[in-house]
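Everything on this sheet refers to the single structure shown next.
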Amino acid sequence: MASVSWDFTPLSSEQELIKREIGRICGEFDAEYWREHDKNKEYPHEFADLLAENGWLGALIPEEYGGGGMTTDEMVVMMEEIAASGGGFGATQAIHGAIYTSRPLVEHGGERIREEILPKLATGEKTIQSLGLTEPNAGSESTAIETEAERDGEEYVVNGQKIWTSRLDVSDYLLLVARTKPREAVEKKTDGISMLLVDVEDARSQDALEMKPIEKTSTNLSSAFEVWLEDLRVPVENVIGDEHAGFYNLLDGLNDERLVIAAECVGHAKLAIDRAVEYANEREVFDRRIGSNQSIQHPLAEAYMRTLSVKQTVYRTAEMMDSLNREQVGTLANASNYLASELAFDASDAAVQTFGGFGIAREYDVERMFRDARLAKIAPISQQLALNYVGEKALGLPRSF
Ligand SMILES: Cc1cc2nc3c(=O)[nH]c(=O)nc-3n(C[C@H](O)[C@H](O)[C@H](O)COP(=O)(O)OP(=O)(O)OC[C@H]3O[C@@H](n4cnc5c(N)ncnc54)[C@H](O)[C@@H]3O)c2cc1C
């Protein structure tokens with residue numbers, strides 16, 4: 001049976017190489033691997049280790065520190081390929097943090113951090129997989145964080161609570177976002193916030209960090225935690241970026257990351273469509289293959305067309321970033337993220353419908369794709385927040401928050 005044809009986007013030789021190499025690594029992990037890890041809620045250590053051994057977790061780290069020095073137009077290829085190869089959005093979520101949480105260190109880390117830590121992250125000897133931003137009272141409104149870091153000599157003393165901190169069980173470092181100046185002491189709510197690099201083992205040995213996994217039903221390949229910090233001491237030299245102005249540093253690079261997440265959703269949609277088309281070509285009901293019914297065929301054809309189109313937007317934006325201004329990139333990155341999340345969800349839904357009852361049987365994987373795609377519409381930012389951005393910045397409508 002002919003397979004679905006996906007290769008319309010011309011790739012540079014670098015992109016071709018990345019696609020081939022990542023495809024080769026992903027080829028070592030079959031559908032059962034992802035299914036079992038999802039079922040057992042286990043982090044895909046073997047997959048992450050193989051990526052690390054081959055230098056891929058250090059993709060964003062500059063070559064001078066032993067990393068890959070990869071650009072956004074290369075990252076979209078890598079992450080799309082991981083999702084499309086079988087693991088879907090869940091697999092990219094397990095890996096994404098290990099690559100992207102290093103970014104503020106690359107761009108804003110002081111010399112000691114860069115010299116000491118980046119080479120270890122590049123080889124996978126250490127990982128930074130966790131970002132502690134969200135709190136029980138601060139999700140979409142991240143500047144409402146209440147976790148406080150109070151200066152005491154050459155240390156900060158941190159107290160507060162975080163929620164949804166992903167992969168803290170498998171990470172050596174946590175990038176913690178805290179208020180280093182109380183809200184009342186600053187004019188703008190975006191001021192007075194800093195990023196602190198926390199050594200997780202050190203925090204545990206201080207008895208200053210407690211964590212509890214959140215029981216969840218989506219992206220089970222990585223865990224997310226409630227975290228309590230009590231009198232955690234962090235050296236001032238572990239401040240990443242500008243002291244009291246770290247929120248702005250955190251925002252840098254966010255658009256690139258949104259594009260990469262969009263590429264992950266594109267890969268996820270491809271996977272769901274591939275699986276559904278294969279089944280629709282095989283399964284016979286009323287003496288004909290179900291794929292000949294337009295009610296099965298058309299949603300898949302529509303998802304396919306949307307995948308081609310969203311992919312073009314993602315790749316073209318990644319390519320053009322340097323020639324666009326910040327707001328243009330922001331609009332295209334938010335648009336890509338929004339459209340790709342809708343696509344991943346709708347493609348997974350169409351796949352579940354194609355499989356009929358087997359659509360919710362674990363062994364066919366599309367139920368996992370459906371569960372995982374739902375998250376893409378909520379985190380790291382929700383669809384409404386992407387619409388808010390476009391409504392305000394591109395349409396010039398009044399700010400809604
Ligand atoms: C599995 C998972 C992993 C995560 N991992 C991390 C992590 O590693 N680190 C981290 O810091 N965070 C993480 N998060 C948190 C994630 O970033 C937040 O869930 C997300 O930003 C939404 O915040 P919230 O859940 O508090 O929703 P809320 O902010 O409470 O919003 C609830 C709903 O109201 C809508 N809403 C709110 N304000 C507006 C408005 N002005 N206009 C329109 N609609 C609005 C939202 O879009 C949403 O639909 C994770 C979340 C999940 C579920």
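Labeling convention for the structure tokens: chains A, B, ... as they appear, residues from 1 per chain, ligands from 1 in order of appearance.
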
Contacts of Ala122 in chain A within 6 Å, only C-alpha atoms, excl. fewer than 5 positions in-chain, as a PyMOL selection string: chain A and resi 58+66-67

Restricting it to all heavy atoms, dump the selection as an mmCIF file, in the first residue's frame.
```
data_model
loop_
_atom_site.group_PDB
_atom_site.id
_atom_site.type_symbol
_atom_site.label_atom_id
_atom_site.label_comp_id
_atom_site.auth_asym_id
_atom_site.auth_seq_id
_atom_site.Cartn_x
_atom_site.Cartn_y
_atom_site.Cartn_z
ATOM 1 N N GLY A 58 22.298 18.796 23.401
ATOM 2 C CA GLY A 58 23.045 20.071 23.453
ATOM 3 C C GLY A 58 22.845 20.881 22.178
ATOM 4 O O GLY A 58 23.675 21.722 21.831
ATOM 5 N N GLY A 66 30.909 22.863 23.149
ATOM 6 C CA GLY A 66 30.711 21.447 22.835
ATOM 7 C C GLY A 66 29.322 21.099 22.335
ATOM 8 O O GLY A 66 29.001 19.925 22.147
ATOM 9 N N GLY A 67 28.477 22.127 22.124
ATOM 10 C CA GLY A 67 27.105 21.845 21.675
ATOM 11 C C GLY A 67 26.958 21.890 20.171
ATOM 12 O O GLY A 67 27.947 21.999 19.432
#
```

Contacts to ligand 1 at 10 Å cut-off (only C-alpha atoms and all ligand atoms) as a PyMOL selection string: chain A and resi 90+93+97+101+129-142+162-168+174-177+214-220+222-225+372+374-389+399-401

Top pick for closest residue to Glu36 in chain A, considering A:Gly241, A:Gly160, A:Gly87, A:Gly357 and counting only C-alpha atoms: A:Gly87

Give me the residues of range 94-129 of chain A that have any atom at most 12 Å from an atom of range 45-51 of chain A; for each, the nearest atom pair and the distance in Å, rounded to one decimal. Use only C-alpha atoms, sort by chain and number, and format it as CSV.
```
residue,atom,partner,partner_atom,distance
A:Ala94,CA,A:Ala48,CA,8.3
A:Ile95,CA,A:Ala48,CA,6.8
A:His96,CA,A:Ala48,CA,10.4
A:Gly97,CA,A:Ala48,CA,11.3
A:Ala98,CA,A:Ala48,CA,8.9
A:Ile99,CA,A:Leu51,CA,10.7
A:Ala122,CA,A:Leu51,CA,10.9
A:Thr123,CA,A:Leu51,CA,9.9
A:Gly124,CA,A:Asp49,CA,7.7
A:Glu125,CA,A:Asp49,CA,9.9
A:Lys126,CA,A:Asp49,CA,11.2
A:Thr127,CA,A:Ala48,CA,10.5
A:Gln129,CA,A:Ala48,CA,11.4
```

Grab the residues selected above and save them as a PDB file, in the first residue's frame with all heavy atoms.
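Saved file again.pdb follows:
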```
ATOM      1  N   ALA A  94       8.821  15.225  26.380  1.00  0.00           N
ATOM      2  CA  ALA A  94       9.808  14.636  27.294  1.00  0.00           C
ATOM      3  C   ALA A  94      11.213  15.170  26.991  1.00  0.00           C
ATOM      4  O   ALA A  94      12.067  15.231  27.878  1.00  0.00           O
ATOM      5  CB  ALA A  94       9.771  13.115  27.185  1.00  0.00           C
ATOM      6  N   ILE A  95      11.459  15.555  25.741  1.00  0.00           N
ATOM      7  CA  ILE A  95      12.798  15.946  25.312  1.00  0.00           C
ATOM      8  C   ILE A  95      12.952  17.465  25.208  1.00  0.00           C
ATOM      9  O   ILE A  95      14.027  18.009  25.462  1.00  0.00           O
ATOM     10  CB  ILE A  95      13.089  15.308  23.908  1.00  0.00           C
ATOM     11  CG1 ILE A  95      13.040  13.782  24.011  1.00  0.00           C
ATOM     12  CG2 ILE A  95      14.410  15.768  23.320  1.00  0.00           C
ATOM     13  CD1 ILE A  95      13.984  13.196  25.053  1.00  0.00           C
ATOM     14  N   HIS A  96      11.873  18.118  24.858  1.00  0.00           N
ATOM     15  CA  HIS A  96      11.908  19.562  24.579  1.00  0.00           C
ATOM     16  C   HIS A  96      12.575  20.365  25.716  1.00  0.00           C
ATOM     17  O   HIS A  96      13.446  21.192  25.470  1.00  0.00           O
ATOM     18  CB  HIS A  96      10.465  20.045  24.349  1.00  0.00           C
ATOM     19  CG  HIS A  96      10.364  21.492  24.018  1.00  0.00           C
ATOM     20  ND1 HIS A  96      10.112  21.950  22.744  1.00  0.00           N
ATOM     21  CD2 HIS A  96      10.488  22.595  24.790  1.00  0.00           C
ATOM     22  CE1 HIS A  96      10.099  23.258  22.748  1.00  0.00           C
ATOM     23  NE2 HIS A  96      10.316  23.682  23.982  1.00  0.00           N
ATOM     24  N   GLY A  97      12.155  20.075  26.954  1.00  0.00           N
ATOM     25  CA  GLY A  97      12.671  20.827  28.102  1.00  0.00           C
ATOM     26  C   GLY A  97      14.162  20.654  28.263  1.00  0.00           C
ATOM     27  O   GLY A  97      14.880  21.595  28.632  1.00  0.00           O
ATOM     28  N   ALA A  98      14.656  19.455  27.972  1.00  0.00           N
ATOM     29  CA  ALA A  98      16.091  19.176  28.136  1.00  0.00           C
ATOM     30  C   ALA A  98      16.913  20.011  27.166  1.00  0.00           C
ATOM     31  O   ALA A  98      18.094  20.258  27.389  1.00  0.00           O
ATOM     32  CB  ALA A  98      16.369  17.693  27.913  1.00  0.00           C
ATOM     33  N   ILE A  99      16.294  20.445  26.083  1.00  0.00           N
ATOM     34  CA  ILE A  99      17.006  21.270  25.107  1.00  0.00           C
ATOM     35  C   ILE A  99      16.751  22.760  25.391  1.00  0.00           C
ATOM     36  O   ILE A  99      17.677  23.548  25.504  1.00  0.00           O
ATOM     37  CB  ILE A  99      16.543  20.914  23.676  1.00  0.00           C
ATOM     38  CG1 ILE A  99      16.906  19.463  23.375  1.00  0.00           C
ATOM     39  CG2 ILE A  99      17.165  21.858  22.654  1.00  0.00           C
ATOM     40  CD1 ILE A  99      16.313  18.921  22.104  1.00  0.00           C
ATOM     41  N   ALA A 122      26.027  19.955  27.312  1.00  0.00           N
ATOM     42  CA  ALA A 122      26.231  19.584  25.902  1.00  0.00           C
ATOM     43  C   ALA A 122      26.474  18.084  25.748  1.00  0.00           C
ATOM     44  O   ALA A 122      26.015  17.464  24.795  1.00  0.00           O
ATOM     45  CB  ALA A 122      27.407  20.371  25.328  1.00  0.00           C
ATOM     46  N   THR A 123      27.174  17.484  26.727  1.00  0.00           N
ATOM     47  CA  THR A 123      27.461  16.045  26.610  1.00  0.00           C
ATOM     48  C   THR A 123      26.367  15.199  27.256  1.00  0.00           C
ATOM     49  O   THR A 123      26.380  13.975  27.139  1.00  0.00           O
ATOM     50  CB  THR A 123      28.781  15.684  27.324  1.00  0.00           C
ATOM     51  OG1 THR A 123      28.652  16.105  28.702  1.00  0.00           O
ATOM     52  CG2 THR A 123      29.979  16.347  26.674  1.00  0.00           C
ATOM     53  N   GLY A 124      25.469  15.839  27.982  1.00  0.00           N
ATOM     54  CA  GLY A 124      24.420  15.076  28.657  1.00  0.00           C
ATOM     55  C   GLY A 124      24.858  14.573  30.026  1.00  0.00           C
ATOM     56  O   GLY A 124      24.111  13.865  30.708  1.00  0.00           O
ATOM     57  N   GLU A 125      26.080  14.958  30.447  1.00  0.00           N
ATOM     58  CA  GLU A 125      26.547  14.543  31.789  1.00  0.00           C
ATOM     59  C   GLU A 125      25.593  15.109  32.850  1.00  0.00           C
ATOM     60  O   GLU A 125      25.312  14.486  33.863  1.00  0.00           O
ATOM     61  CB  GLU A 125      27.966  15.081  31.989  1.00  0.00           C
ATOM     62  CG  GLU A 125      28.587  14.704  33.304  1.00  0.00           C
ATOM     63  CD  GLU A 125      29.912  15.422  33.529  1.00  0.00           C
ATOM     64  OE1 GLU A 125      30.579  15.816  32.547  1.00  0.00           O
ATOM     65  OE2 GLU A 125      30.274  15.596  34.722  1.00  0.00           O
ATOM     66  N   LYS A 126      25.108  16.315  32.598  1.00  0.00           N
ATOM     67  CA  LYS A 126      24.095  16.948  33.468  1.00  0.00           C
ATOM     68  C   LYS A 126      22.947  17.402  32.585  1.00  0.00           C
ATOM     69  O   LYS A 126      23.145  17.657  31.385  1.00  0.00           O
ATOM     70  CB  LYS A 126      24.673  18.188  34.157  1.00  0.00           C
ATOM     71  CG  LYS A 126      25.811  17.898  35.102  1.00  0.00           C
ATOM     72  CD  LYS A 126      25.296  17.565  36.459  1.00  0.00           C
ATOM     73  CE  LYS A 126      26.444  17.323  37.443  1.00  0.00           C
ATOM     74  NZ  LYS A 126      25.975  16.773  38.700  1.00  0.00           N
ATOM     75  N   THR A 127      21.759  17.515  33.195  1.00  0.00           N
ATOM     76  CA  THR A 127      20.641  18.037  32.392  1.00  0.00           C
ATOM     77  C   THR A 127      19.935  19.153  33.149  1.00  0.00           C
ATOM     78  O   THR A 127      19.889  19.173  34.383  1.00  0.00           O
ATOM     79  CB  THR A 127      19.577  16.955  32.060  1.00  0.00           C
ATOM     80  OG1 THR A 127      19.016  16.474  33.276  1.00  0.00           O
ATOM     81  CG2 THR A 127      20.150  15.833  31.252  1.00  0.00           C
ATOM     82  N   GLN A 129      16.253  20.293  32.858  1.00  0.00           N
ATOM     83  CA  GLN A 129      15.001  19.919  32.197  1.00  0.00           C
ATOM     84  C   GLN A 129      13.810  20.671  32.753  1.00  0.00           C
ATOM     85  O   GLN A 129      12.712  20.540  32.241  1.00  0.00           O
ATOM     86  CB  GLN A 129      14.737  18.432  32.429  1.00  0.00           C
ATOM     87  CG  GLN A 129      15.863  17.533  32.045  1.00  0.00           C
ATOM     88  CD  GLN A 129      15.352  16.370  31.226  1.00  0.00           C
ATOM     89  OE1 GLN A 129      14.428  16.511  30.456  1.00  0.00           O
ATOM     90  NE2 GLN A 129      15.939  15.207  31.412  1.00  0.00           N
TER      91      GLN A 129
END
```

Selection: 12 Å around Glu21 in chain A, only C-alpha atoms, excl. self and same-chain fewer than 4 positions, as JSON, numbers by chain: {"A": [14, 15, 16, 17, 25, 26, 27, 28, 50, 51, 54, 55, 56, 77, 78, 81, 82]}

Could those residues be written to a file, using C-alpha atoms, as a tab-separated table (two decimals), in the first residue's frame?
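Everything below was put into selection_13.tsv:
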```tsv
chain	number	residue	atom	x	y	z
A	14	GLU	CA	22.02	20.58	6.91
A	15	GLN	CA	18.30	19.99	7.45
A	16	GLU	CA	18.46	16.78	5.40
A	17	LEU	CA	21.30	15.54	7.58
A	25	ILE	CA	17.91	7.28	16.26
A	26	CYS	CA	14.12	7.31	16.44
A	27	GLY	CA	14.05	4.14	14.31
A	28	GLU	CA	15.50	2.24	17.28
A	50	LEU	CA	20.80	7.97	22.98
A	51	LEU	CA	20.01	11.53	21.91
A	54	ASN	CA	24.87	11.65	19.93
A	55	GLY	CA	25.01	15.27	21.08
A	56	TRP	CA	21.41	16.19	20.28
A	77	VAL	CA	13.27	19.62	11.56
A	78	MET	CA	14.63	17.75	14.58
A	81	GLU	CA	10.94	14.23	13.09
A	82	ILE	CA	10.88	13.01	16.72
```

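Distance annotation: of A:Gly88, A:Ala185, A:Glu327, A:Ala350, the residue with the minimal separation from Glu392 in chain A is A:Glu327; atom set is only C-alpha atoms.
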
Please provide the set of residues having any atom within 12 Å of Pro62 in chain A, restricted to only C-alpha atoms, with same-chain residues fewer than 2 positions apart removed, written as a PDB file with N, CA, C and O atoms, in the first residue's frame.
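What follows is the written file around-v4.pdb:
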```pdb
ATOM      1  N   GLY A  55      24.838  13.810  21.024  1.00  0.00           N
ATOM      2  CA  GLY A  55      25.011  15.271  21.079  1.00  0.00           C
ATOM      3  C   GLY A  55      23.760  16.096  20.818  1.00  0.00           C
ATOM      4  O   GLY A  55      23.827  17.313  20.787  1.00  0.00           O
ATOM      5  N   GLY A  58      22.298  18.796  23.401  1.00  0.00           N
ATOM      6  CA  GLY A  58      23.045  20.071  23.453  1.00  0.00           C
ATOM      7  C   GLY A  58      22.845  20.881  22.178  1.00  0.00           C
ATOM      8  O   GLY A  58      23.675  21.722  21.831  1.00  0.00           O
ATOM      9  N   ALA A  59      21.719  20.646  21.518  1.00  0.00           N
ATOM     10  CA  ALA A  59      21.489  21.269  20.209  1.00  0.00           C
ATOM     11  C   ALA A  59      21.631  22.788  20.221  1.00  0.00           C
ATOM     12  O   ALA A  59      22.156  23.376  19.280  1.00  0.00           O
ATOM     13  N   LEU A  60      21.175  23.432  21.301  1.00  0.00           N
ATOM     14  CA  LEU A  60      21.175  24.899  21.323  1.00  0.00           C
ATOM     15  C   LEU A  60      22.464  25.484  21.884  1.00  0.00           C
ATOM     16  O   LEU A  60      22.680  26.683  21.830  1.00  0.00           O
ATOM     17  N   GLU A  64      31.370  26.280  20.704  1.00  0.00           N
ATOM     18  CA  GLU A  64      32.568  26.485  21.539  1.00  0.00           C
ATOM     19  C   GLU A  64      32.446  25.815  22.912  1.00  0.00           C
ATOM     20  O   GLU A  64      33.442  25.569  23.587  1.00  0.00           O
ATOM     21  N   TYR A  65      31.227  25.500  23.338  1.00  0.00           N
ATOM     22  CA  TYR A  65      31.040  24.774  24.613  1.00  0.00           C
ATOM     23  C   TYR A  65      30.695  23.302  24.363  1.00  0.00           C
ATOM     24  O   TYR A  65      30.207  22.613  25.244  1.00  0.00           O
ATOM     25  N   GLY A  66      30.909  22.863  23.149  1.00  0.00           N
ATOM     26  CA  GLY A  66      30.711  21.447  22.835  1.00  0.00           C
ATOM     27  C   GLY A  66      29.322  21.099  22.335  1.00  0.00           C
ATOM     28  O   GLY A  66      29.001  19.925  22.147  1.00  0.00           O
ATOM     29  N   GLY A  67      28.477  22.127  22.124  1.00  0.00           N
ATOM     30  CA  GLY A  67      27.105  21.845  21.675  1.00  0.00           C
ATOM     31  C   GLY A  67      26.958  21.890  20.171  1.00  0.00           C
ATOM     32  O   GLY A  67      27.947  21.999  19.432  1.00  0.00           O
ATOM     33  N   GLY A  68      25.716  21.811  19.732  1.00  0.00           N
ATOM     34  CA  GLY A  68      25.445  21.747  18.303  1.00  0.00           C
ATOM     35  C   GLY A  68      25.279  23.103  17.644  1.00  0.00           C
ATOM     36  O   GLY A  68      25.353  23.210  16.420  1.00  0.00           O
ATOM     37  N   GLY A  69      25.030  24.145  18.460  1.00  0.00           N
ATOM     38  CA  GLY A  69      24.856  25.494  17.914  1.00  0.00           C
ATOM     39  C   GLY A  69      23.764  25.567  16.853  1.00  0.00           C
ATOM     40  O   GLY A  69      23.894  26.272  15.859  1.00  0.00           O
ATOM     41  N   MET A  70      22.695  24.820  17.081  1.00  0.00           N
ATOM     42  CA  MET A  70      21.664  24.733  16.029  1.00  0.00           C
ATOM     43  C   MET A  70      20.744  25.951  16.022  1.00  0.00           C
ATOM     44  O   MET A  70      20.494  26.571  17.038  1.00  0.00           O
ATOM     45  N   THR A  71      20.233  26.260  14.845  1.00  0.00           N
ATOM     46  CA  THR A  71      19.342  27.408  14.682  1.00  0.00           C
ATOM     47  C   THR A  71      17.887  26.918  14.603  1.00  0.00           C
ATOM     48  O   THR A  71      17.633  25.714  14.443  1.00  0.00           O
ATOM     49  N   SER A 102      17.925  25.094  28.507  1.00  0.00           N
ATOM     50  CA  SER A 102      19.324  25.552  28.510  1.00  0.00           C
ATOM     51  C   SER A 102      19.451  26.941  27.887  1.00  0.00           C
ATOM     52  O   SER A 102      20.452  27.629  28.067  1.00  0.00           O
ATOM     53  N   ARG A 103      18.432  27.355  27.178  1.00  0.00           N
ATOM     54  CA  ARG A 103      18.546  28.577  26.387  1.00  0.00           C
ATOM     55  C   ARG A 103      18.891  29.839  27.208  1.00  0.00           C
ATOM     56  O   ARG A 103      19.813  30.575  26.848  1.00  0.00           O
ATOM     57  N   LEU A 105      20.516  30.013  29.858  1.00  0.00           N
ATOM     58  CA  LEU A 105      21.920  29.894  30.303  1.00  0.00           C
ATOM     59  C   LEU A 105      22.851  30.267  29.156  1.00  0.00           C
ATOM     60  O   LEU A 105      23.871  30.941  29.347  1.00  0.00           O
ATOM     61  N   VAL A 106      22.493  29.813  27.960  1.00  0.00           N
ATOM     62  CA  VAL A 106      23.303  30.118  26.786  1.00  0.00           C
ATOM     63  C   VAL A 106      23.317  31.622  26.548  1.00  0.00           C
ATOM     64  O   VAL A 106      24.361  32.221  26.309  1.00  0.00           O
ATOM     65  N   GLU A 107      22.136  32.231  26.645  1.00  0.00           N
ATOM     66  CA  GLU A 107      22.041  33.642  26.269  1.00  0.00           C
ATOM     67  C   GLU A 107      22.360  34.614  27.395  1.00  0.00           C
ATOM     68  O   GLU A 107      22.794  35.725  27.148  1.00  0.00           O
ATOM     69  N   ARG A 114      28.608  29.522  32.127  1.00  0.00           N
ATOM     70  CA  ARG A 114      28.865  29.097  30.752  1.00  0.00           C
ATOM     71  C   ARG A 114      30.040  28.122  30.702  1.00  0.00           C
ATOM     72  O   ARG A 114      29.945  27.071  30.075  1.00  0.00           O
ATOM     73  N   GLU A 115      31.111  28.473  31.408  1.00  0.00           N
ATOM     74  CA  GLU A 115      32.313  27.626  31.346  1.00  0.00           C
ATOM     75  C   GLU A 115      32.103  26.290  32.047  1.00  0.00           C
ATOM     76  O   GLU A 115      32.541  25.248  31.568  1.00  0.00           O
ATOM     77  N   LEU A 118      27.645  24.666  30.804  1.00  0.00           N
ATOM     78  CA  LEU A 118      27.248  24.383  29.413  1.00  0.00           C
ATOM     79  C   LEU A 118      27.946  23.138  28.820  1.00  0.00           C
ATOM     80  O   LEU A 118      27.276  22.316  28.189  1.00  0.00           O
ATOM     81  N   PRO A 119      29.260  22.954  29.038  1.00  0.00           N
ATOM     82  CA  PRO A 119      29.884  21.759  28.462  1.00  0.00           C
ATOM     83  C   PRO A 119      29.257  20.460  29.005  1.00  0.00           C
ATOM     84  O   PRO A 119      29.131  19.470  28.279  1.00  0.00           O
ATOM     85  N   LEU A 121      26.126  20.132  30.009  1.00  0.00           N
ATOM     86  CA  LEU A 121      24.806  19.986  29.392  1.00  0.00           C
ATOM     87  C   LEU A 121      24.965  19.495  27.949  1.00  0.00           C
ATOM     88  O   LEU A 121      24.149  18.713  27.446  1.00  0.00           O
ATOM     89  N   ALA A 122      26.027  19.955  27.312  1.00  0.00           N
ATOM     90  CA  ALA A 122      26.231  19.584  25.902  1.00  0.00           C
ATOM     91  C   ALA A 122      26.474  18.084  25.748  1.00  0.00           C
ATOM     92  O   ALA A 122      26.015  17.464  24.795  1.00  0.00           O
TER      93      ALA A 122
END
```

Selected residue, from A:Ile113, A:Ala333, A:Ile61, A:Val227, that lies nearest to Leu196 in chain A when counting only C-alpha atoms: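 Result for the nearest residue to Leu196 in chain A: A:Ile113.
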
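When only C-alpha atoms are used to compute distances to Gln312 in chain A, the closest of the residues A:Tyr43, A:Trp228, A:Phe89, A:Trp6 turns out to be A:Trp6.
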
Nearest to Arg289 in chain A, chosen from A:Val277, A:Ala245, A:Ala347, A:Ile261, with only C-alpha atoms counted in the distances: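 Of the candidates, the smallest distance to Arg289 in chain A is held by A:Val277.
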
All alpha helix (DSSP H) positions in range 174-310 of chain A, as a ChimeraX atom specification: /A:200-205,246-251,254-282,294-310

Range 175-359 of chain A: residues DSSP assigns to strand (DSSP E or B), reported as a VMD selection string: chain A and resid 175 to 179 193 to 199 209 to 213 224 to 235 239 to 240 245 284 to 285 288 to 289

Close residues, Arg275 in chain A itself excluded, 12 Å, only C-alpha atoms, min 2 positions apart in chain, as an MDAnalysis selection string: chainID A and resid 3:4 31 84:86 88 268:273 277:282 300 347:348 350:355 359 364:367 369

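The shortest atom-to-atom distance to Ile128 in chain A, with only C-alpha atoms taken into account, belongs to A:Leu197 out of A:Leu197, A:Leu395, A:Ala178, A:Met321.
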
Taking 4 positions as the minimum chain separation for residues in the same chain, which residues sit within 9 Å of Glu243 in chain A when counting only C-alpha atoms? Answer as a PDB file with C-alpha atoms, in the first residue's frame.
```pdb
ATOM      1  CA  THR A 180      13.544  39.281  44.078  1.00  0.00           C
ATOM      2  CA  GLY A 192      11.500  42.714  40.228  1.00  0.00           C
ATOM      3  CA  ILE A 193      11.618  39.132  38.896  1.00  0.00           C
ATOM      4  CA  SER A 194      14.815  37.064  38.528  1.00  0.00           C
ATOM      5  CA  MET A 195      15.813  33.654  37.191  1.00  0.00           C
ATOM      6  CA  VAL A 239      21.234  34.506  38.959  1.00  0.00           C
TER       7      VAL A 239
END
```

Polymer residues at most 12 Å from Asp202 in chain A, only C-alpha atoms, same-chain spacing of 6 or more positions, as number ranges by chain: A: 172-174, 208-209, 232-235

Selection to disk with N, CA, C and O atoms, as a tab-separated table (two decimals), in the first residue's frame:
```tsv
chain	number	residue	atom	x	y	z
A	172	ASP	N	18.97	17.68	36.74
A	172	ASP	CA	19.99	18.09	37.71
A	172	ASP	C	19.79	19.53	38.15
A	172	ASP	O	20.18	19.90	39.25
A	173	TYR	N	19.23	20.34	37.26
A	173	TYR	CA	19.03	21.74	37.59
A	173	TYR	C	17.59	22.16	37.36
A	173	TYR	O	16.90	21.60	36.49
A	174	LEU	N	17.18	23.14	38.14
A	174	LEU	CA	15.86	23.75	37.99
A	174	LEU	C	16.09	25.24	37.71
A	174	LEU	O	16.83	25.90	38.44
A	208	ALA	N	15.34	21.71	51.58
A	208	ALA	CA	14.58	22.94	51.28
A	208	ALA	C	13.62	22.76	50.12
A	208	ALA	O	12.96	23.70	49.71
A	209	LEU	N	13.57	21.55	49.55
A	209	LEU	CA	12.72	21.33	48.37
A	209	LEU	C	11.90	20.06	48.57
A	209	LEU	O	12.45	18.99	48.84
A	232	LEU	N	15.29	27.94	50.88
A	232	LEU	CA	16.28	27.41	49.94
A	232	LEU	C	17.34	28.48	49.68
A	232	LEU	O	17.02	29.61	49.31
A	233	ARG	N	18.60	28.10	49.90
A	233	ARG	CA	19.68	29.07	49.70
A	233	ARG	C	20.32	28.87	48.33
A	233	ARG	O	20.73	27.76	48.00
A	234	VAL	N	20.35	29.95	47.55
A	234	VAL	CA	20.91	29.89	46.20
A	234	VAL	C	21.96	31.01	46.09
A	234	VAL	O	21.66	32.17	46.41
A	235	PRO	N	23.19	30.68	45.67
A	235	PRO	CA	24.21	31.74	45.56
A	235	PRO	C	23.79	32.81	44.56
A	235	PRO	O	23.19	32.49	43.53
```
